[in-house]
Each structure stands twice: as C-alpha cells, then as structure tokens.
Amino acid sequence: MLTAIFMIGLYPVLFIMYYIMKNAGRESNGYCFGVSMKAEWQNDEAVKQCCEEFAKQMKWLFIILAVIPIVTFVIPYFSISFSIWMCWMLVVIVVPAIPFVKASQRLKEIKRERGWVGSQQKVTVTEIRNAGEVRRTKLLPFLPPILISLAVAGWGFYSFAKEELQMLGVLLAAFALTTVLLYIMAAWMDRQKLEVISSDSEVNLNYGRAKKNVWKNTWLACAWVNTAYVAVTAWAMHPARMRIDLLVWGCLAVTVVLLFLMLWAWKRINRIDKNYAKRKDLVPEKDDDDDWIGGIFYYNKKDRHVMVNKRVGIGTTMNMATPVGMGLTVFSALVLLAIPLVCVWLILEEFTPIRLSVQNDALTAEHLRVEYVIPLDQMEDVELLDADEMPHWSKVKGTGMDNLCKGTFHIRNEGNCEVFLNPQNQAFIRIDADGVTYYMSGVNDEDTLDIFEQMKF
C-alpha cells in the first residue's frame with residue numbers, strides 16, 4: 001500500500017522535473033539554462049553541442065531514476081521502503097541540477113568567448129500606467145472555502161476535545177488554516193509588479209491580467225481542494241469511525257489534484273507567453289547572468305526585492321542576498337538535510353527490538369530510550385490476553401508499524417490507551433495503573449509470558 005501511494009503521489013515528480021529541465025535547454029523568453037540568450041545564438045555550434053550533451057545526460061538520468069523506485073515493491077520493511085522513496089525524492093530534486101549548472105556555466109563561457117556579454121548594469125523597467133488596477137485576486141471568491149474550512153475545523157476540534165483527542169483537533173485546525181494561507185499567497189502574488197514586455201502599456205496590462213488570472217484561478221481551485229480535504233479529514237478522524245485509510249487516500253488524491261493544477265497553470269502560462277511572443281518589443285540591454293548562481297539561484301545585493309521571476313520554470317524565486325531570502329534558503333536546506341535523519345530514525349525504530357523488564361519493583365518498557373516506568377504497587381489489574389481478545393484501535397500519536405506499535409492509541413467507546421507491543425505476537429499484557437490502561441508485550445511471546453509471571457502479585 002505504501003509503495004502504491006508513493007507511486008501515484010511521488011513518481012510523477014520525476015516526469016515534471018524532467019520536463020522542466022528538458023525545456024530549460026531551449027531558448028525561451030530570452031533565456032537558456034538560466035543564461036540570457038538571443039534566439040540567433042542558439043544556432044552556434046558550441047551552443048548546440050552544450051544543449052545536446054545536456055539532453056543526453058538528462059535522458060540517462062531519467063531512465064536510472066525511473067527504475068530505482070521499482071525495487072520497493074519487493075522490500076517488506078516499512079522503514080527501508082520509506083527511506084528509499086525519500087532519498088529518491090532528494091535525488092530527483094538535486095541531481096538533475098548538476099548537469100544543468102554545468103551547462104549554464106558552459107554557456108557563460110561561450111558568451112565571453114564570442115563577445116556576447118553586454119553591459120553589466122541592470123536596467124529596471126516598470127509599468128506605471130494603471131499598474132495598480134491590475135488586481136485579479138479578491139477576498140470574496142475565497143471567503144466560502146475559508147469559512148467552510150474554519151467551520152469544519154471548529155466543529156471537529158470540539159468533537160475531538162470531548163474524546164480527549166485535542167491533538168487531532170490541532171491537526172485539523174492546521175489543515176483549515178492552509179486555506180487561509182492559500183488566499184494570502186494568492187493576494188501576495190497578485191500584488192507583484194507587472195512584467196514589462198512592450199513599449200505599449202496596453203500590451204503590458206493585458207499580459208499581466210492574463211497571467212494573474214491564471215494564478216488567481218489556480219490558487220482558488222487549490223483552496224477548494226484543501227477545503228474538501230478538511231471535510232474528509234474531519235469525517236474520517238471522528239472517534240466514531242477513525243478511518244485512517246480514507247485519510248491516507250485523501251491525502252494522495254489531494255497531491256495528485258494539486259500536481260494537475262500546477263501543470264495546468266504551467267501550460268496556460270506557456271500559452272500566454274507564446275501568444276504575446278510577437279508583441280515583445282522591449283528588451284532592456286542588460287546582462288546580469290553573474291547574479292544567477294548556476295542559472296537557478298538569484299543573489300544580488302543591489303536588488304532589494306525578496307522575490308523575483310524565475311529564469312527556469314514558472315513562478316518566482318528568492319533573492320538570497322536579502323535577509324528574508326537567506327533565512328528561507330537556510331531553512332529549506334535544513335529541511336532537506338533532515339530527511340535522511342528521519343529515515344535513519346525510522347530504520348532504528350523498526351529494527352530495534354522492544355524490551356520489557358521488571359526491576360526495582362516497577363515494569364520498565366524500553367525502545368531506543370525508556371518509554372514507560374510503571375510501579376508495581378500502582379497496578380490495579382494485570383491481565384494476559386491473546387490476539388483475538390485485543391481491541392481495535394487507531395493511532396493518536398506514536399509509531400504504528402508491522403512489528404511495532406508504540407504511543408497513544410484510541411479505542412472506540414473506551415478512550416485513549418498507551419501501547420507498547422509487537423503486533424505480530426500472540427500474547428499481550430493489559431495493565432490498569434493509576435487511571436491509565438496499557439497494552440504491552442515483549443519482543444516475542446516467550447518474553448511476554450516471562451514478564452507476566454514476574455508481575456503476578
């Protein structure tokens with residue numbers, strides 16, 4: 001199931017990255033590999049060779065990366081399969097940038113060799129005629145999804161709080177606030193300066209309206225998709241149902257729909273650029289390639305703008321020379337570096353055996369660290385159960401793997417309990433102590449029975 005979900009939700013990222021990088025090797029909107037280029041320069045033999053070499057490298061990378069995830073179908077361990085997918089995602093995002101950066105550097109060298117490098121002074125052209133009137137994002141269309149999301153989250157939080165599941169209420173509230181965040185992002189993008197492509201202001205205004213309409217519709221659709229997911233989450237996580245499978249499949253469906261919406265926006269923006277290609281008569285004489293690291297990352301201390309238009313793909317990117325840009329860049333790098341650490345932690349979780357021991361008149365449960373210490377004199381009832389007598393539960397927080405359940409779980413009509421066991425066992429211990437119910441086991445049935453005998457009183 002995990003592999004199927006990742007195949008549907010993550011595998012398409014490879015094709016998207018390949019498409020973006022492949023098109024980056026062609027002159028578009030005056031750029032090739034993130035380097036400012038004129039269309040006629042594309043006929044130069046050295047430029048052609050650079051593009052052909054990049055296309056060949058990307059083709060082989062695509063084939064190799066397309067094959068790697070298939071091995072997860074035969075790997076039975078959750079942590080190993082998850083780690084392969086996460087590391088694969090990092091590779092898909094990072095590795096294709098290596099031949100791209102090399103090609104970008106090579107084009108810069110070719111420009112210097114051919115004497116194509118122009119003035120290093122960047123000229124900024126701004127559209128001032130009615131520029132402030134080009135606003136396509138209004139609050140009113142976003143109000144219904146925002147209000148519905150918040151209302152559902154409020155109802156869900158109240159319902160979860162009655163069942164002592166406040167953490168699930170907080171999670172639902174975070175999903176609902178995402179709808180608000182989508183509106184903020186839409187409004188922020190709508191207030192960016194108009195891109196100047198012509199000496200005719202009407203062309204600039206119409207061009208700006210067309211692109212902003214695409215982004216407004218995209219963000220609004222995303223807001224409704226997120227609202228639907230909030231409703232599904234509230235229904236699936238309700239204590240009367242606890243349908244975690246619907247939650248997972250819903251998340252997968254949202255991922256697929258959002259990817260589709262981004263691709264739709266990309267195609268629409270490309271179509272607009274093609275329609276206005278013949279009207280682009282204003283190209284400022286500038287050559288600021290040195291402000292773009294590898295043609296991807298923008299670093300310009302003289303530019304106060306935090307966000308600028310990308311040279312590769314669509315949308316905007318950060319100016320890493322600004323404090324905000326540098327902070328967001330460092331944060332993004334830390335998130336990416338944390339992924340391998342999470343994978344190592346999951347592997348340790350799955351392959352480290354659990355351990356129960358009775359010492360110093362207390363039952364101690366250990367797994368990577370001491371999880372529970374229950375004094376024997378606080379135990380009100382101790383019962384040995386077999387697999388058929390175990391209740392059905394849903395995880396609230398903690399770990400739920402084929403060979404390890406650990407943390408807080410919810411039992412319908414009973415409430416929360418603490419779980420520390422190997423679900424593949426057949427013998428388990430139920431403990432009532434100090435108002436808390438525990439379900440535990442040793443690493444195997446023999447260990448569980450031995451601990452149960454030591455706890456008899």
# chains A, B, ... in the order shown; residues from 1 in each chain; ligands from 1
>>> residues_around(residues="A:Leu65", least_positions_apart="2", cutoff="10 Å", atoms="only C-alpha atoms", output="list in words")
Tyr11, Leu14, Trp60, Leu61, Phe62, Ile63, Val67, Ile68, Pro69, Ile70, Trp88, Met89, Val91 and Val92 of chain A
>>> write_last_selection(atoms="N, CA and C atoms", output="compact mmCIF listing (two decimals), in the first residue's frame")
# COMPACT_ATOMS: atom_id res chain seq x y z
N TYR A 11 5.89 9.58 -7.76
CA TYR A 11 6.54 9.20 -9.02
C TYR A 11 6.36 10.24 -10.12
N LEU A 14 9.12 12.98 -10.95
CA LEU A 14 10.24 12.72 -11.85
C LEU A 14 9.94 13.24 -13.25
N TRP A 60 19.63 9.82 -19.67
CA TRP A 60 20.14 8.70 -18.87
C TRP A 60 19.75 8.83 -17.40
N LEU A 61 19.78 10.05 -16.89
CA LEU A 61 19.35 10.27 -15.50
C LEU A 61 17.90 9.87 -15.32
N PHE A 62 17.06 10.25 -16.26
CA PHE A 62 15.64 9.93 -16.20
C PHE A 62 15.43 8.42 -16.18
N ILE A 63 16.12 7.69 -17.04
CA ILE A 63 15.97 6.24 -17.10
C ILE A 63 16.38 5.59 -15.78
N VAL A 67 13.82 3.72 -12.73
CA VAL A 67 13.91 2.31 -12.36
C VAL A 67 14.03 2.10 -10.84
N ILE A 68 14.73 3.00 -10.16
CA ILE A 68 15.05 2.81 -8.73
C ILE A 68 13.83 2.51 -7.86
N PRO A 69 12.73 3.27 -7.94
CA PRO A 69 11.60 3.01 -7.03
C PRO A 69 10.95 1.65 -7.18
N ILE A 70 11.16 0.98 -8.31
CA ILE A 70 10.51 -0.31 -8.54
C ILE A 70 10.94 -1.35 -7.51
N TRP A 88 15.18 9.04 -2.79
CA TRP A 88 14.93 9.16 -4.23
C TRP A 88 14.38 10.54 -4.56
N MET A 89 13.48 11.03 -3.72
CA MET A 89 12.92 12.37 -3.95
C MET A 89 14.01 13.44 -3.88
N VAL A 91 17.17 13.01 -4.54
CA VAL A 91 17.99 12.86 -5.74
C VAL A 91 17.30 13.47 -6.95
N VAL A 92 15.98 13.23 -7.08
CA VAL A 92 15.22 13.77 -8.21
C VAL A 92 15.25 15.30 -8.21
>>> select_by_dssp(residues="stretch 218-436 of chain A", states="strand (DSSP E or B)", output="JSON, numbers by chain")
{"A": [292, 293, 297, 298, 307, 308, 309, 316, 317, 318, 319, 355, 356, 357, 358, 359, 362, 363, 364, 365, 366, 367, 369, 370, 371, 372, 373, 374, 375, 379, 380, 381, 382, 383, 384, 385, 386, 393, 394, 395, 396, 397, 398, 399, 400, 401, 404, 405, 406, 407, 408, 409, 410, 411, 415, 416, 417, 418, 419, 420, 421, 427, 428, 429, 430, 431, 432, 433, 436]}
>>> closest_residue(among="A:Ser104, A:Asn403, A:Ser201, A:Gln49", to="A:Val312", atoms="only C-alpha atoms")
A:Ser104
>>> residues_around(residues="A:Gln454", least_positions_apart="3", cutoff="7 Å", atoms="only C-alpha atoms", output="PyMOL selection string")
chain A and resi 358+450-451
>>> closest_residue(among="A:Ala161, A:Ile93, A:Met320, A:Leu368", to="A:Tyr299", atoms="only C-alpha atoms")
A:Met320
>>> atom_distance(atom1="atom CA of A:Val396", atom2="atom CA of A:Met167")
7.7 Å
>>> select_by_dssp(residues="stretch 100-263 of chain A", states="alpha helix (DSSP H)", output="ChimeraX atom specification")
/A:100-114,139-162,166-190,201-236,244-263
>>> closest_residue(among="A:Thr218, A:Gln359, A:Ser81, A:Ser198", to="A:Phe260", atoms="only C-alpha atoms")
A:Thr218
>>> atom_distance(atom1="atom CA of A:Gly435", atom2="atom CA of A:Asp447")
25.8 Å
>>> residues_around(residues="A:Ala236", least_positions_apart="5", cutoff="12 Å", atoms="only C-alpha atoms", output="JSON, numbers by chain")
{"A": [156, 160, 168, 172, 229, 230, 231, 241, 242, 243, 244, 245, 246, 247, 248, 249, 250, 251, 394]}
>>> residues_around(residues="A:Gly442", least_positions_apart="6", cutoff="7 Å", atoms="only C-alpha atoms", output="PyMOL selection string")
chain A and resi 354-356+421+448
>>> write_last_selection(atoms="N, CA, C and O atoms", output="PDB file, in the first residue's frame")
ATOM      1  N   ILE A 354      11.922  -4.240  21.036  1.00  0.00           N
ATOM      2  CA  ILE A 354      11.386  -3.685  22.274  1.00  0.00           C
ATOM      3  C   ILE A 354      11.838  -4.547  23.452  1.00  0.00           C
ATOM      4  O   ILE A 354      12.185  -5.724  23.293  1.00  0.00           O
ATOM      5  N   ARG A 355      11.817  -3.976  24.638  1.00  0.00           N
ATOM      6  CA  ARG A 355      12.304  -4.704  25.816  1.00  0.00           C
ATOM      7  C   ARG A 355      11.459  -4.355  27.032  1.00  0.00           C
ATOM      8  O   ARG A 355      11.275  -3.186  27.360  1.00  0.00           O
ATOM      9  N   LEU A 356      10.912  -5.382  27.679  1.00  0.00           N
ATOM     10  CA  LEU A 356      10.212  -5.224  28.950  1.00  0.00           C
ATOM     11  C   LEU A 356      11.058  -5.873  30.038  1.00  0.00           C
ATOM     12  O   LEU A 356      11.646  -6.934  29.839  1.00  0.00           O
ATOM     13  N   LEU A 421       4.033  -2.646  22.115  1.00  0.00           N
ATOM     14  CA  LEU A 421       3.991  -4.078  21.813  1.00  0.00           C
ATOM     15  C   LEU A 421       4.420  -4.379  20.382  1.00  0.00           C
ATOM     16  O   LEU A 421       4.542  -3.484  19.535  1.00  0.00           O
ATOM     17  N   THR A 448       7.019 -12.226  26.696  1.00  0.00           N
ATOM     18  CA  THR A 448       5.791 -11.679  27.275  1.00  0.00           C
ATOM     19  C   THR A 448       5.310 -12.537  28.446  1.00  0.00           C
ATOM     20  O   THR A 448       4.950 -12.017  29.523  1.00  0.00           O
TER      21      THR A 448
END
>>> atom_distance(atom1="atom CA of A:Ser159", atom2="atom CA of A:Phe420")
26.8 Å
>>> closest_residue(among="A:Thr352, A:Gln105, A:Thr322, A:Thr3", to="A:Val35", atoms="only C-alpha atoms")
A:Gln105
>>> residues_around(residues="A:Lys38", least_positions_apart="6", cutoff="10 Å", atoms="only C-alpha atoms", output="list in words")
Glu27, Ser28, Asn29, Gly30, Tyr31, Cys32 and Trp116 of chain A
>>> write_last_selection(atoms="N, CA, C and O atoms", output="PDB file, in the first residue's frame")
ATOM      1  N   GLU A  27      16.043  27.883 -25.866  1.00  0.00           N
ATOM      2  CA  GLU A  27      15.860  29.308 -25.663  1.00  0.00           C
ATOM      3  C   GLU A  27      14.377  29.618 -25.497  1.00  0.00           C
ATOM      4  O   GLU A  27      13.544  29.244 -26.319  1.00  0.00           O
ATOM      5  N   SER A  28      14.037  30.261 -24.396  1.00  0.00           N
ATOM      6  CA  SER A  28      12.653  30.628 -24.121  1.00  0.00           C
ATOM      7  C   SER A  28      12.633  31.926 -23.335  1.00  0.00           C
ATOM      8  O   SER A  28      13.307  32.038 -22.299  1.00  0.00           O
ATOM      9  N   ASN A  29      11.892  32.904 -23.844  1.00  0.00           N
ATOM     10  CA  ASN A  29      11.788  34.214 -23.192  1.00  0.00           C
ATOM     11  C   ASN A  29      13.152  34.857 -22.974  1.00  0.00           C
ATOM     12  O   ASN A  29      13.370  35.570 -21.992  1.00  0.00           O
ATOM     13  N   GLY A  30      14.086  34.560 -23.880  1.00  0.00           N
ATOM     14  CA  GLY A  30      15.402  35.192 -23.803  1.00  0.00           C
ATOM     15  C   GLY A  30      16.382  34.506 -22.889  1.00  0.00           C
ATOM     16  O   GLY A  30      17.446  35.062 -22.591  1.00  0.00           O
ATOM     17  N   TYR A  31      16.075  33.278 -22.434  1.00  0.00           N
ATOM     18  CA  TYR A  31      16.974  32.558 -21.532  1.00  0.00           C
ATOM     19  C   TYR A  31      17.163  31.120 -21.993  1.00  0.00           C
ATOM     20  O   TYR A  31      16.246  30.503 -22.568  1.00  0.00           O
ATOM     21  N   CYS A  32      18.345  30.590 -21.730  1.00  0.00           N
ATOM     22  CA  CYS A  32      18.646  29.180 -21.972  1.00  0.00           C
ATOM     23  C   CYS A  32      19.564  28.732 -20.850  1.00  0.00           C
ATOM     24  O   CYS A  32      20.608  29.352 -20.604  1.00  0.00           O
ATOM     25  N   TRP A 116      29.679  38.047 -26.568  1.00  0.00           N
ATOM     26  CA  TRP A 116      28.242  38.308 -26.482  1.00  0.00           C
ATOM     27  C   TRP A 116      27.830  38.969 -25.163  1.00  0.00           C
ATOM     28  O   TRP A 116      26.661  39.293 -24.969  1.00  0.00           O
TER      29      TRP A 116
END
>>> residues_around(residues="stretch 371-376 of chain A", least_positions_apart="5", cutoff="7 Å", atoms="only C-alpha atoms", output="MDAnalysis selection string")
chainID A and resid 361:366
>>> write_last_selection(atoms="C-alpha atoms", output="PDB file, in the first residue's frame")
ATOM      1  CA  ASP A 361       9.510  -3.004  41.872  1.00  0.00           C
ATOM      2  CA  ALA A 362       8.497  -1.449  38.539  1.00  0.00           C
ATOM      3  CA  LEU A 363       7.808  -2.538  34.975  1.00  0.00           C
ATOM      4  CA  THR A 364      10.136  -0.763  32.549  1.00  0.00           C
ATOM      5  CA  ALA A 365       9.472  -0.551  28.809  1.00  0.00           C
ATOM      6  CA  GLU A 366      12.444   0.413  26.626  1.00  0.00           C
TER       7      GLU A 366
END
>>> closest_atom_pairs(of="stretch 264-324 of chain A", to="stretch 202-208 of chain A", cutoff="12 Å", atoms="only C-alpha atoms", output="CSV")
residue,atom,partner,partner_atom,distance
A:Ile269,CA,A:Tyr207,CA,10.2
A:Arg271,CA,A:Tyr207,CA,11.5
A:Ile272,CA,A:Tyr207,CA,7.7
A:Asp273,CA,A:Tyr207,CA,8.5
A:Lys274,CA,A:Tyr207,CA,11.2
A:Asn275,CA,A:Tyr207,CA,9.5
A:Tyr276,CA,A:Tyr207,CA,7.4
A:Ala277,CA,A:Tyr207,CA,10.6
A:Lys278,CA,A:Val203,CA,11.1
A:Arg279,CA,A:Val203,CA,7.5
A:Lys280,CA,A:Val203,CA,8.8
A:Asp281,CA,A:Val203,CA,10.4
A:Leu282,CA,A:Asn204,CA,10.4
>>> write_last_selection(atoms="all heavy atoms", output="short mmCIF file (atom, residue, chain, number, x, y, z; two decimals), in the first residue's frame")
data_model
loop_
_atom_site.label_atom_id
_atom_site.label_comp_id
_atom_site.auth_asym_id
_atom_site.auth_seq_id
_atom_site.Cartn_x
_atom_site.Cartn_y
_atom_site.Cartn_z
N ILE A 269 0.32 29.40 -18.70
CA ILE A 269 1.31 30.49 -18.73
C ILE A 269 2.16 30.39 -19.99
O ILE A 269 2.45 31.41 -20.64
CB ILE A 269 2.21 30.42 -17.47
CG1 ILE A 269 1.38 30.73 -16.21
CG2 ILE A 269 3.37 31.39 -17.59
CD1 ILE A 269 0.84 32.13 -16.13
N ARG A 271 1.26 29.12 -22.81
CA ARG A 271 0.43 29.51 -23.95
C ARG A 271 0.32 31.02 -24.05
O ARG A 271 0.35 31.60 -25.16
CB ARG A 271 -0.95 28.88 -23.81
CG ARG A 271 -1.85 29.10 -25.01
CD ARG A 271 -3.18 28.39 -24.83
NE ARG A 271 -3.01 26.96 -24.63
CZ ARG A 271 -4.00 26.14 -24.34
NH1 ARG A 271 -5.24 26.62 -24.19
NH2 ARG A 271 -3.77 24.85 -24.17
N ILE A 272 0.19 31.68 -22.90
CA ILE A 272 0.13 33.15 -22.88
C ILE A 272 1.44 33.74 -23.41
O ILE A 272 1.43 34.68 -24.21
CB ILE A 272 -0.16 33.67 -21.46
CG1 ILE A 272 -1.59 33.29 -21.04
CG2 ILE A 272 0.03 35.18 -21.37
CD1 ILE A 272 -1.89 33.54 -19.58
N ASP A 273 2.57 33.18 -22.97
CA ASP A 273 3.87 33.66 -23.45
C ASP A 273 3.99 33.51 -24.96
O ASP A 273 4.52 34.40 -25.65
CB ASP A 273 5.00 32.91 -22.75
CG ASP A 273 5.20 33.39 -21.31
OD1 ASP A 273 4.91 34.57 -21.05
OD2 ASP A 273 5.63 32.60 -20.47
N LYS A 274 3.51 32.40 -25.49
CA LYS A 274 3.57 32.19 -26.94
C LYS A 274 2.69 33.18 -27.68
O LYS A 274 3.06 33.70 -28.74
CB LYS A 274 3.16 30.75 -27.28
CG LYS A 274 4.19 29.70 -26.87
CD LYS A 274 3.71 28.30 -27.24
CE LYS A 274 4.74 27.26 -26.82
NZ LYS A 274 4.28 25.87 -27.14
N ASN A 275 1.51 33.44 -27.13
CA ASN A 275 0.59 34.38 -27.77
C ASN A 275 1.14 35.81 -27.81
O ASN A 275 0.82 36.58 -28.71
CB ASN A 275 -0.76 34.37 -27.06
CG ASN A 275 -1.52 33.06 -27.26
OD1 ASN A 275 -1.26 32.32 -28.22
ND2 ASN A 275 -2.45 32.76 -26.37
N TYR A 276 1.94 36.15 -26.79
CA TYR A 276 2.48 37.50 -26.71
C TYR A 276 3.92 37.60 -27.20
O TYR A 276 4.53 38.66 -27.12
CB TYR A 276 2.42 38.02 -25.26
CG TYR A 276 1.06 38.54 -24.86
CD1 TYR A 276 0.07 37.68 -24.41
CD2 TYR A 276 0.76 39.90 -24.95
CE1 TYR A 276 -1.19 38.14 -24.03
CE2 TYR A 276 -0.49 40.38 -24.58
CZ TYR A 276 -1.46 39.50 -24.13
OH TYR A 276 -2.71 39.97 -23.78
N ALA A 277 4.46 36.50 -27.74
CA ALA A 277 5.86 36.49 -28.16
C ALA A 277 6.16 37.56 -29.20
O ALA A 277 7.20 38.23 -29.15
CB ALA A 277 6.23 35.10 -28.69
N LYS A 278 5.26 37.74 -30.17
CA LYS A 278 5.49 38.70 -31.25
C LYS A 278 5.31 40.14 -30.79
O LYS A 278 5.67 41.08 -31.52
CB LYS A 278 4.56 38.40 -32.41
CG LYS A 278 4.84 37.05 -33.08
CD LYS A 278 3.91 36.82 -34.27
CE LYS A 278 4.21 35.49 -34.93
NZ LYS A 278 3.31 35.23 -36.10
N ARG A 279 4.70 40.32 -29.62
CA ARG A 279 4.48 41.69 -29.13
C ARG A 279 5.59 42.15 -28.18
O ARG A 279 5.54 43.29 -27.70
CB ARG A 279 3.13 41.77 -28.40
CG ARG A 279 1.96 41.26 -29.24
CD ARG A 279 0.66 41.44 -28.50
NE ARG A 279 -0.44 40.73 -29.17
CZ ARG A 279 -1.69 40.75 -28.76
NH1 ARG A 279 -2.02 41.44 -27.67
NH2 ARG A 279 -2.63 40.08 -29.41
N LYS A 280 6.55 41.29 -27.92
CA LYS A 280 7.64 41.65 -27.01
C LYS A 280 8.68 42.45 -27.78
O LYS A 280 9.56 41.90 -28.43
CB LYS A 280 8.26 40.40 -26.40
CG LYS A 280 7.33 39.63 -25.48
CD LYS A 280 8.01 38.42 -24.87
CE LYS A 280 7.06 37.68 -23.93
NZ LYS A 280 7.71 36.51 -23.29
N ASP A 281 8.55 43.77 -27.69
CA ASP A 281 9.47 44.64 -28.42
C ASP A 281 10.38 45.44 -27.49
O ASP A 281 11.14 46.28 -27.93
CB ASP A 281 8.68 45.60 -29.30
CG ASP A 281 7.77 46.53 -28.50
OD1 ASP A 281 7.70 46.37 -27.27
OD2 ASP A 281 7.14 47.42 -29.12
N LEU A 282 10.26 45.17 -26.19
CA LEU A 282 11.06 45.92 -25.22
C LEU A 282 11.95 44.94 -24.45
O LEU A 282 11.47 44.24 -23.55
CB LEU A 282 10.16 46.69 -24.25
CG LEU A 282 10.87 47.65 -23.29
CD1 LEU A 282 11.64 48.71 -24.04
CD2 LEU A 282 9.86 48.29 -22.34
#
